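To start, the structure itself, in C-alpha cells.
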Amino acid sequence: MDILHSTLSEYLAIVPSAKQYLTSLGIEMQDDTQLLSALQKVNKQDCIPRCEFLYRRAMAERDWSAISNKDLVRYIIRNYHDVHRQQVATLIDLARKVEAIHFGEPDCPTGITKALKKIYSDLDIHMLKEERTVFPHFINSPHTNCDEQIKNAQHDHEDHLTAIHSIKALTKTFSPPAKASHYWLDLYEQLEMLYLDLTDHTYLEDSVLFMRS
Ligand SMILES: [Fe+2]
Ligand SMILES: [Fe+2]
C-alpha cells in the first residue's frame, strides 16, 4: 500500500496511534483528504518520514499469517531495506556535524560517526545477501534447503542488534542534553527511529519470515 497516497481515514485505520501526532501538526481530520497533501501543507520537514515510520511501527505488530512470502519479502525490502539505505547519508552527515560542533563537551557522543559507518557497512552487505540468496528461497523454492544462509542471517542480526544497543548506550537512550543544537536533536530523533526500525525489521525476519522455512 502506498501509504502517502491513502486518505487520512485509511491511514488512521491502520495507524490509529498517529492521530495525536497529526493533530499536533494542526491537521484537521477530514476523512477523504489525502495524507500526502495534508502533510505538504504543514511546515515541518520531517513530518512525511515520521508518518511513514509510524506506519511501519503499526505494521510490524499486525498479524502476518495470511500474507504470502512474496508480499512479506516485498514489504521488508520496501519498508526496511530501502529505508535503511536512504537513512545512511543523513545520519552520518548529522553525526559528523554533532561530533565536530560539540567536540570536547561532556555529553558529546564521541565515536558515533564511526559506529554508524560500521553498522551501515555491515547492514549493506547483509541486506544484499538476503536479497540475492535468502529472499529468493522463500519466494521461489521454500522447500529447498537454505538453513545455512538463514543461520548466517540470524547471526548477522545478533551483531546488528549488539551494535545498535551500543549506540543507544552511547546516546543515553537517545536523550540529548538540555541545550542541544538542532543537529543534535535531529540526530537523536533519527537514531531512535533507526533503532526501532532495525528491531522491527529483525523481528519480521527472524520471527515471521524465517519461521516459514
Ligand atoms: Fe532484511
Ligand atoms: Fe536481515
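Order determines the names: the first chain of the C-alpha cells is A, the second B, and so forth; residues in each chain are numbered 1 upward, and ligands are numbered 1 upward as they are shown.
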Next on the checklist: At a cut-off of 10 Å and counting only C-alpha atoms and all ligand atoms, what residues surround ligand 1? Please answer as a list in words.
Outcome noted: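 These are the residues that qualify: Val73, Ile76, Ile77, Asn79, Tyr80, His81, Asp82, His84, Leu123, Asp124, His126, Met127, Leu128, Lys129, Glu130, Glu131, Val134, Phe135, Ala153, His157, Leu198, His201, Thr202, Tyr203, Leu204, Glu205 and Asp206 of chain A.
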Selected residues written out, C-alpha atoms, as a PDB file, in the first residue's frame:
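Here's the written file out38.pdb:
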```
ATOM      1  CA  VAL A  73       9.517 -10.027   1.310  1.00  0.00           C
ATOM      2  CA  ILE A  76      10.510  -5.863   4.068  1.00  0.00           C
ATOM      3  CA  ILE A  77      12.553  -4.596   1.126  1.00  0.00           C
ATOM      4  CA  ASN A  79       9.938  -0.547   4.186  1.00  0.00           C
ATOM      5  CA  TYR A  80      13.239  -1.558   5.790  1.00  0.00           C
ATOM      6  CA  HIS A  81      15.998  -2.234   3.244  1.00  0.00           C
ATOM      7  CA  ASP A  82      15.174   0.792   1.091  1.00  0.00           C
ATOM      8  CA  HIS A  84      17.894   1.969   5.801  1.00  0.00           C
ATOM      9  CA  LEU A 123      23.829  -3.781   7.051  1.00  0.00           C
ATOM     10  CA  ASP A 124      24.506  -3.114   3.377  1.00  0.00           C
ATOM     11  CA  HIS A 126      23.728  -8.270   4.957  1.00  0.00           C
ATOM     12  CA  MET A 127      20.744  -6.869   3.043  1.00  0.00           C
ATOM     13  CA  LEU A 128      22.344  -7.680  -0.311  1.00  0.00           C
ATOM     14  CA  LYS A 129      22.924 -11.275   0.848  1.00  0.00           C
ATOM     15  CA  GLU A 130      19.269 -11.541   1.861  1.00  0.00           C
ATOM     16  CA  GLU A 131      18.049 -10.093  -1.431  1.00  0.00           C
ATOM     17  CA  VAL A 134      17.639 -15.844   1.309  1.00  0.00           C
ATOM     18  CA  PHE A 135      14.612 -13.972  -0.061  1.00  0.00           C
ATOM     19  CA  ALA A 153      21.478 -14.071   8.505  1.00  0.00           C
ATOM     20  CA  HIS A 157      21.041  -9.880  13.156  1.00  0.00           C
ATOM     21  CA  LEU A 198      16.067  -2.230  12.983  1.00  0.00           C
ATOM     22  CA  HIS A 201      12.999  -5.436  10.736  1.00  0.00           C
ATOM     23  CA  THR A 202      14.880  -8.149  12.608  1.00  0.00           C
ATOM     24  CA  TYR A 203      11.710  -9.366  14.320  1.00  0.00           C
ATOM     25  CA  LEU A 204       9.840  -9.688  10.991  1.00  0.00           C
ATOM     26  CA  GLU A 205      12.643 -11.745   9.503  1.00  0.00           C
ATOM     27  CA  ASP A 206      13.599 -13.940  12.478  1.00  0.00           C
TER      28      ASP A 206
END
```
Next on the checklist: List the spatial neighbours of Tyr55 of chain A as number ranges by chain - criterion: any atom at most 9 Å away, only C-alpha atoms, same-chain residues fewer than 3 positions off excluded.
Outcome noted: A: 3, 11, 14-15, 18, 50-52, 58-60
Requested write-out: N, CA and C atoms of the selected residues, as a PDB file, in the first residue's frame:
```pdb
ATOM      1  N   ILE A   3       1.197   4.359   1.321  1.00  0.00           N
ATOM      2  CA  ILE A   3       0.533   4.979   2.466  1.00  0.00           C
ATOM      3  C   ILE A   3       0.352   6.489   2.301  1.00  0.00           C
ATOM      4  N   TYR A  11      -5.409   5.844   6.428  1.00  0.00           N
ATOM      5  CA  TYR A  11      -4.153   5.830   7.183  1.00  0.00           C
ATOM      6  C   TYR A  11      -4.423   5.594   8.678  1.00  0.00           C
ATOM      7  N   ILE A  14      -5.178   2.103   9.906  1.00  0.00           N
ATOM      8  CA  ILE A  14      -4.016   1.219  10.102  1.00  0.00           C
ATOM      9  C   ILE A  14      -3.129   1.734  11.233  1.00  0.00           C
ATOM     10  N   VAL A  15      -3.041   3.051  11.360  1.00  0.00           N
ATOM     11  CA  VAL A  15      -2.122   3.661  12.343  1.00  0.00           C
ATOM     12  C   VAL A  15      -2.910   4.574  13.288  1.00  0.00           C
ATOM     13  N   ALA A  18      -1.319   7.471  15.257  1.00  0.00           N
ATOM     14  CA  ALA A  18      -0.809   8.693  14.609  1.00  0.00           C
ATOM     15  C   ALA A  18      -1.760   9.880  14.764  1.00  0.00           C
ATOM     16  N   ARG A  50       8.209  10.799   9.398  1.00  0.00           N
ATOM     17  CA  ARG A  50       7.636  10.416  10.704  1.00  0.00           C
ATOM     18  C   ARG A  50       6.333   9.624  10.511  1.00  0.00           C
ATOM     19  N   CYS A  51       5.492  10.048   9.560  1.00  0.00           N
ATOM     20  CA  CYS A  51       4.233   9.308   9.307  1.00  0.00           C
ATOM     21  C   CYS A  51       4.534   7.940   8.699  1.00  0.00           C
ATOM     22  N   GLU A  52       5.545   7.871   7.846  1.00  0.00           N
ATOM     23  CA  GLU A  52       5.923   6.567   7.282  1.00  0.00           C
ATOM     24  C   GLU A  52       6.461   5.658   8.384  1.00  0.00           C
ATOM     25  N   ALA A  58       3.252   0.356  13.240  1.00  0.00           N
ATOM     26  CA  ALA A  58       1.934  -0.289  13.359  1.00  0.00           C
ATOM     27  C   ALA A  58       1.921  -1.602  12.583  1.00  0.00           C
ATOM     28  N   MET A  59       2.533  -1.609  11.411  1.00  0.00           N
ATOM     29  CA  MET A  59       2.524  -2.807  10.566  1.00  0.00           C
ATOM     30  C   MET A  59       3.330  -3.948  11.196  1.00  0.00           C
ATOM     31  N   ALA A  60       4.394  -3.615  11.903  1.00  0.00           N
ATOM     32  CA  ALA A  60       5.231  -4.665  12.498  1.00  0.00           C
ATOM     33  C   ALA A  60       4.424  -5.512  13.489  1.00  0.00           C
TER      34      ALA A  60
END
```
Checklist entry - What are the DSSP helix (DSSP H, G or I) residues of segment 25-79 of chain A, as JSON, numbers by chain? => result {"A": [35, 36, 37, 38, 39, 40, 47, 48, 49, 50, 51, 52, 53, 54, 55, 56, 57, 58, 59, 60, 69, 70, 71, 72, 73, 74, 75, 76, 77, 78, 79]}
Just to be explicit: take each residue in the selection above, keep N, CA and C atoms, and write the result as an mmCIF file, in the first residue's frame.
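Listing of result.cif after writing:
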```cif
data_model
loop_
_atom_site.group_PDB
_atom_site.id
_atom_site.type_symbol
_atom_site.label_atom_id
_atom_site.label_comp_id
_atom_site.auth_asym_id
_atom_site.auth_seq_id
_atom_site.Cartn_x
_atom_site.Cartn_y
_atom_site.Cartn_z
ATOM 1 N N LEU A 35 -3.359 11.870 2.626
ATOM 2 C CA LEU A 35 -2.350 12.109 3.669
ATOM 3 C C LEU A 35 -1.228 13.007 3.149
ATOM 4 N N LEU A 36 -0.708 12.702 1.957
ATOM 5 C CA LEU A 36 0.421 13.468 1.420
ATOM 6 C C LEU A 36 0.062 14.945 1.273
ATOM 7 N N SER A 37 -1.108 15.238 0.727
ATOM 8 C CA SER A 37 -1.433 16.653 0.530
ATOM 9 C C SER A 37 -1.645 17.350 1.872
ATOM 10 N N ALA A 38 -2.177 16.620 2.872
ATOM 11 C CA ALA A 38 -2.314 17.226 4.207
ATOM 12 C C ALA A 38 -0.935 17.541 4.795
ATOM 13 N N LEU A 39 0.015 16.635 4.599
ATOM 14 C CA LEU A 39 1.359 16.839 5.169
ATOM 15 C C LEU A 39 2.124 17.939 4.433
ATOM 16 N N GLN A 40 1.880 18.037 3.130
ATOM 17 C CA GLN A 40 2.588 19.060 2.353
ATOM 18 C C GLN A 40 2.194 20.471 2.763
ATOM 19 N N CYS A 47 7.850 15.601 8.767
ATOM 20 C CA CYS A 47 6.528 15.002 9.034
ATOM 21 C C CYS A 47 6.237 13.808 8.119
ATOM 22 N N ILE A 48 6.747 13.819 6.872
ATOM 23 C CA ILE A 48 6.495 12.679 5.982
ATOM 24 C C ILE A 48 7.251 11.433 6.465
ATOM 25 N N PRO A 49 8.576 11.517 6.686
ATOM 26 C CA PRO A 49 9.240 10.322 7.233
ATOM 27 C C PRO A 49 8.669 9.863 8.573
ATOM 28 N N ARG A 50 8.209 10.799 9.398
ATOM 29 C CA ARG A 50 7.636 10.416 10.704
ATOM 30 C C ARG A 50 6.333 9.624 10.511
ATOM 31 N N CYS A 51 5.492 10.048 9.560
ATOM 32 C CA CYS A 51 4.233 9.308 9.307
ATOM 33 C C CYS A 51 4.534 7.940 8.699
ATOM 34 N N GLU A 52 5.545 7.871 7.846
ATOM 35 C CA GLU A 52 5.923 6.567 7.282
ATOM 36 C C GLU A 52 6.461 5.658 8.384
ATOM 37 N N PHE A 53 7.221 6.246 9.308
ATOM 38 C CA PHE A 53 7.774 5.490 10.423
ATOM 39 C C PHE A 53 6.652 4.951 11.326
ATOM 40 N N LEU A 54 5.667 5.788 11.635
ATOM 41 C CA LEU A 54 4.545 5.342 12.478
ATOM 42 C C LEU A 54 3.771 4.219 11.788
ATOM 43 N N TYR A 55 3.668 4.305 10.468
ATOM 44 C CA TYR A 55 3.028 3.229 9.681
ATOM 45 C C TYR A 55 3.821 1.921 9.849
ATOM 46 N N ARG A 56 5.149 1.971 9.695
ATOM 47 C CA ARG A 56 5.965 0.747 9.835
ATOM 48 C C ARG A 56 5.812 0.151 11.222
ATOM 49 N N ARG A 57 5.787 1.004 12.248
ATOM 50 C CA ARG A 57 5.643 0.506 13.625
ATOM 51 C C ARG A 57 4.310 -0.218 13.812
ATOM 52 N N ALA A 58 3.252 0.356 13.240
ATOM 53 C CA ALA A 58 1.934 -0.289 13.359
ATOM 54 C C ALA A 58 1.921 -1.602 12.583
ATOM 55 N N MET A 59 2.533 -1.609 11.411
ATOM 56 C CA MET A 59 2.524 -2.807 10.566
ATOM 57 C C MET A 59 3.330 -3.948 11.196
ATOM 58 N N ALA A 60 4.394 -3.615 11.903
ATOM 59 C CA ALA A 60 5.231 -4.665 12.498
ATOM 60 C C ALA A 60 4.424 -5.512 13.489
ATOM 61 N N ASN A 69 4.622 -15.230 1.260
ATOM 62 C CA ASN A 69 6.060 -14.961 1.371
ATOM 63 C C ASN A 69 6.479 -13.824 0.447
ATOM 64 N N LYS A 70 5.937 -13.869 -0.776
ATOM 65 C CA LYS A 70 6.321 -12.852 -1.757
ATOM 66 C C LYS A 70 5.946 -11.448 -1.271
ATOM 67 N N ASP A 71 4.734 -11.296 -0.742
ATOM 68 C CA ASP A 71 4.308 -9.974 -0.271
ATOM 69 C C ASP A 71 5.075 -9.542 0.982
ATOM 70 N N LEU A 72 5.374 -10.505 1.832
ATOM 71 C CA LEU A 72 6.135 -10.164 3.042
ATOM 72 C C LEU A 72 7.548 -9.698 2.674
ATOM 73 N N VAL A 73 8.181 -10.419 1.755
ATOM 74 C CA VAL A 73 9.517 -10.027 1.310
ATOM 75 C C VAL A 73 9.473 -8.648 0.649
ATOM 76 N N ARG A 74 8.476 -8.440 -0.179
ATOM 77 C CA ARG A 74 8.352 -7.132 -0.853
ATOM 78 C C ARG A 74 8.182 -6.025 0.201
ATOM 79 N N TYR A 75 7.375 -6.302 1.227
ATOM 80 C CA TYR A 75 7.163 -5.312 2.294
ATOM 81 C C TYR A 75 8.487 -5.009 3.011
ATOM 82 N N ILE A 76 9.240 -6.050 3.339
ATOM 83 C CA ILE A 76 10.510 -5.863 4.068
ATOM 84 C C ILE A 76 11.490 -5.031 3.238
ATOM 85 N N ILE A 77 11.592 -5.339 1.965
ATOM 86 C CA ILE A 77 12.553 -4.596 1.126
ATOM 87 C C ILE A 77 12.145 -3.132 1.027
ATOM 88 N N ARG A 78 10.878 -2.896 0.752
ATOM 89 C CA ARG A 78 10.436 -1.513 0.539
ATOM 90 C C ARG A 78 10.481 -0.689 1.836
ATOM 91 N N ASN A 79 10.100 -1.319 2.945
ATOM 92 C CA ASN A 79 9.938 -0.547 4.186
ATOM 93 C C ASN A 79 11.131 -0.594 5.133
#
```
Next on the checklist: Calculated over only C-alpha atoms and all ligand atoms, which of the candidates A:Ala169, A:Glu158, A:Gln30, A:Met211 has the smallest distance to ligand 2?
Outcome noted: A:Glu158
Item to check | Minimum-distance residue to Gln86 of chain A, chosen among A:Ser175, A:Leu194, A:Arg212, A:Gln45 (using only C-alpha atoms) | outcome: A:Leu194
Checklist entry - Which of these residues is nearest to Ala163 of chain A, using only C-alpha atoms: A:Lys117, A:Gln190, A:Arg132, A:Asn140? => result A:Lys117
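Atom CA of Leu196 of chain A sits 15.2 Å away from atom CA of Tyr120 of chain A.
When only C-alpha atoms are used to compute distances to Ser9 of chain A, the closest of the residues A:Leu161, A:His143, A:Asp31, A:Leu25 turns out to be A:Asp31.
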Checklist entry - Any idea what's packed within 10 Å of segment 178-185 of chain A, counting only C-alpha atoms, ignoring anything in its chain fewer than 2 positions away? Could you give it as a list in words? => result Asp93, Leu94, Ala95, Arg96, Lys97, Val98, Glu99, Ile101, His102, Asp107, Cys108, Pro109, Phe174, Ser175, Pro176, Leu187, Tyr188, Glu189, Gln190 and Leu191 of chain A
Output of the above residues as an mmCIF file, in the first residue's frame, restricted to N, CA and C atoms:
```cif
data_model
loop_
_atom_site.group_PDB
_atom_site.id
_atom_site.type_symbol
_atom_site.label_atom_id
_atom_site.label_comp_id
_atom_site.auth_asym_id
_atom_site.auth_seq_id
_atom_site.Cartn_x
_atom_site.Cartn_y
_atom_site.Cartn_z
ATOM 1 N N ASP A 93 25.963 12.244 8.112
ATOM 2 C CA ASP A 93 26.223 13.677 7.989
ATOM 3 C C ASP A 93 25.894 14.396 9.310
ATOM 4 N N LEU A 94 24.755 14.062 9.898
ATOM 5 C CA LEU A 94 24.373 14.678 11.176
ATOM 6 C C LEU A 94 25.368 14.310 12.282
ATOM 7 N N ALA A 95 25.758 13.042 12.312
ATOM 8 C CA ALA A 95 26.683 12.576 13.356
ATOM 9 C C ALA A 95 28.019 13.324 13.246
ATOM 10 N N ARG A 96 28.484 13.489 11.999
ATOM 11 C CA ARG A 96 29.748 14.200 11.786
ATOM 12 C C ARG A 96 29.646 15.638 12.294
ATOM 13 N N LYS A 97 28.532 16.292 12.009
ATOM 14 C CA LYS A 97 28.351 17.694 12.453
ATOM 15 C C LYS A 97 28.334 17.768 13.981
ATOM 16 N N VAL A 98 27.599 16.869 14.619
ATOM 17 C CA VAL A 98 27.492 16.902 16.086
ATOM 18 C C VAL A 98 28.863 16.685 16.718
ATOM 19 N N GLU A 99 29.608 15.724 16.189
ATOM 20 C CA GLU A 99 30.940 15.466 16.778
ATOM 21 C C GLU A 99 31.877 16.651 16.562
ATOM 22 N N ILE A 101 30.936 20.005 16.021
ATOM 23 C CA ILE A 101 30.464 21.220 16.716
ATOM 24 C C ILE A 101 30.605 21.080 18.235
ATOM 25 N N HIS A 102 30.361 19.869 18.740
ATOM 26 C CA HIS A 102 30.313 19.695 20.201
ATOM 27 C C HIS A 102 31.534 18.938 20.749
ATOM 28 N N ASP A 107 28.671 15.618 27.113
ATOM 29 C CA ASP A 107 27.667 14.678 26.594
ATOM 30 C C ASP A 107 27.856 14.333 25.118
ATOM 31 N N CYS A 108 28.900 14.871 24.494
ATOM 32 C CA CYS A 108 29.099 14.627 23.055
ATOM 33 C C CYS A 108 29.279 13.115 22.803
ATOM 34 N N PRO A 109 28.515 12.549 21.880
ATOM 35 C CA PRO A 109 28.625 11.099 21.630
ATOM 36 C C PRO A 109 29.849 10.780 20.760
ATOM 37 N N PHE A 174 19.149 7.914 23.517
ATOM 38 C CA PHE A 174 18.733 8.971 22.580
ATOM 39 C C PHE A 174 18.219 10.224 23.317
ATOM 40 N N SER A 175 18.872 10.550 24.426
ATOM 41 C CA SER A 175 18.456 11.718 25.225
ATOM 42 C C SER A 175 19.490 12.826 25.066
ATOM 43 N N PRO A 176 19.193 13.853 24.285
ATOM 44 C CA PRO A 176 20.154 14.953 24.125
ATOM 45 C C PRO A 176 20.164 15.829 25.379
ATOM 46 N N LEU A 187 19.661 14.333 15.144
ATOM 47 C CA LEU A 187 20.436 13.090 15.141
ATOM 48 C C LEU A 187 19.799 12.065 16.081
ATOM 49 N N TYR A 188 19.479 12.470 17.300
ATOM 50 C CA TYR A 188 18.961 11.508 18.275
ATOM 51 C C TYR A 188 17.553 11.042 17.900
ATOM 52 N N GLU A 189 16.776 11.962 17.320
ATOM 53 C CA GLU A 189 15.418 11.577 16.901
ATOM 54 C C GLU A 189 15.507 10.521 15.788
ATOM 55 N N GLN A 190 16.402 10.753 14.839
ATOM 56 C CA GLN A 190 16.518 9.810 13.721
ATOM 57 C C GLN A 190 17.207 8.508 14.138
ATOM 58 N N LEU A 191 18.105 8.609 15.119
ATOM 59 C CA LEU A 191 18.743 7.388 15.621
ATOM 60 C C LEU A 191 17.724 6.498 16.329
#
```
Next on the checklist: Could you tell me how far atom CA of Val42 of chain A sits from atom CA of Leu91 of chain A, in Å to one decimal place?
Outcome noted: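 It comes out at 23.3 Å.
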Checklist entry - So how many Å separate atom CA of Thr173 of chain A and atom CA of Lys118 of chain A, to one decimal? => result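 Separation of atom CA of Thr173 of chain A and atom CA of Lys118 of chain A: 19.4 Å.
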